[in-house]
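Chemist: Take this structure, written in structure tokens, and hold onto it; I'll ask about it next.
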Amino acid sequence: MLSNESNEDYSTVYLKTYLMALSDCYDCELDFVKKEILHTRTVYEDMANITSTRQNRTNVILSLVATVFLPLTFLTGVFGMNFQLHAEYSMPILNDPNGPIYFAWLSVAITILIYTYFASNGWITFIFSPRKIKKFWKWIVSKCKSAK
């Protein structure tokens with residue numbers, strides 16, 4: 001009988017040791033899975049942030065382009081109305097033979113002005129710097145003065 005009891009004690013101790021080791025392995029694996037879940041969430045959030053950043057950049061570019069073309073669209077609408085020539089309510093630029101040229105210069109000047117404003121605020125950094133635009137603007141003004 002003593003051998004049976006010692007066998008049971010040995011089996012119980014061995015089983016307890018085995019179960020404790022198994023519990024430790026389970027805890028380690030559970031920690032690993034939790035870390036992997038956390039890592040997966042981090043990767044998902046990073047991808048969402050990248051997508052959000054791309055969409056924000058696209059919206060900024062779209063807004064800048066719309067802001068540049070909005071005044072030009074307004075001018076085109078105003079000068080494209082059907083005014084009678086030589087009437088008392090006619091627009092003066094329509095009676096002038098150089099009216100389309102004035103309209104084109106006004107459109108270019110507004111576009112350059114808007115671009116210069118955006119570039120000086122650092123919202124866009126394309127090919128031209130504000131210094132080059134100022135030099136170009138001075139050249140345009142000198143050509144206009146020499147044309148008179």
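Residue numbering restarts at 1 for every chain of the structure tokens, chains are lettered A, B, ... in their displayed order, and ligands are numbered from 1 as they appear.
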Find the residues near Ile110 of chain A: any atom within 12 Å, counting only C-alpha atoms, skip ones fewer than 2 places away on the same chain, and give them as a list in words.

Modeler: Thr67, Val68, Phe69, Leu70, Pro71, Leu72, Thr73, Phe74, Leu75, Phe103, Ala104, Trp105, Leu106, Ser107, Val108, Ile112, Leu113, Ile114, Tyr115, Thr116, Tyr117 and Trp137 of chain A

Chemist: DSSP on the backbone: what in chain A comes out helix (DSSP H, G or I), as a VMD selection string?

Modeler: chain A and resid 2 to 79 92 to 95 99 to 120 130 to 147

Chemist: How far is it from atom CA of Leu64 of chain A to atom CA of Lys135 of chain A, in Å with one decimal?

Modeler: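 A separation of 23.0 Å between them.
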
Chemist: Using only C-alpha atoms for the distances, tell me which of A:Cys144, A:Gly122, A:Asn59, A:Asn49 is nearest to Ile101 of chain A.

Modeler: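 That would be A:Cys144, the residue with the smallest distance to Ile101 of chain A.
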
Chemist: Find, counting only C-alpha atoms, the residue in A:Thr58, A:Ser120, A:Thr76, A:Thr51 that gets nearest to Ile133 of chain A.

Modeler: A:Ser120

Chemist: Would you work out the distance separating atom CA of Phe136 of chain A from atom CA of Ser63 of chain A, expressed in Å to one decimal?

Modeler: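 According to the coordinates, atom CA of Phe136 of chain A and atom CA of Ser63 of chain A are separated by 25.2 Å.
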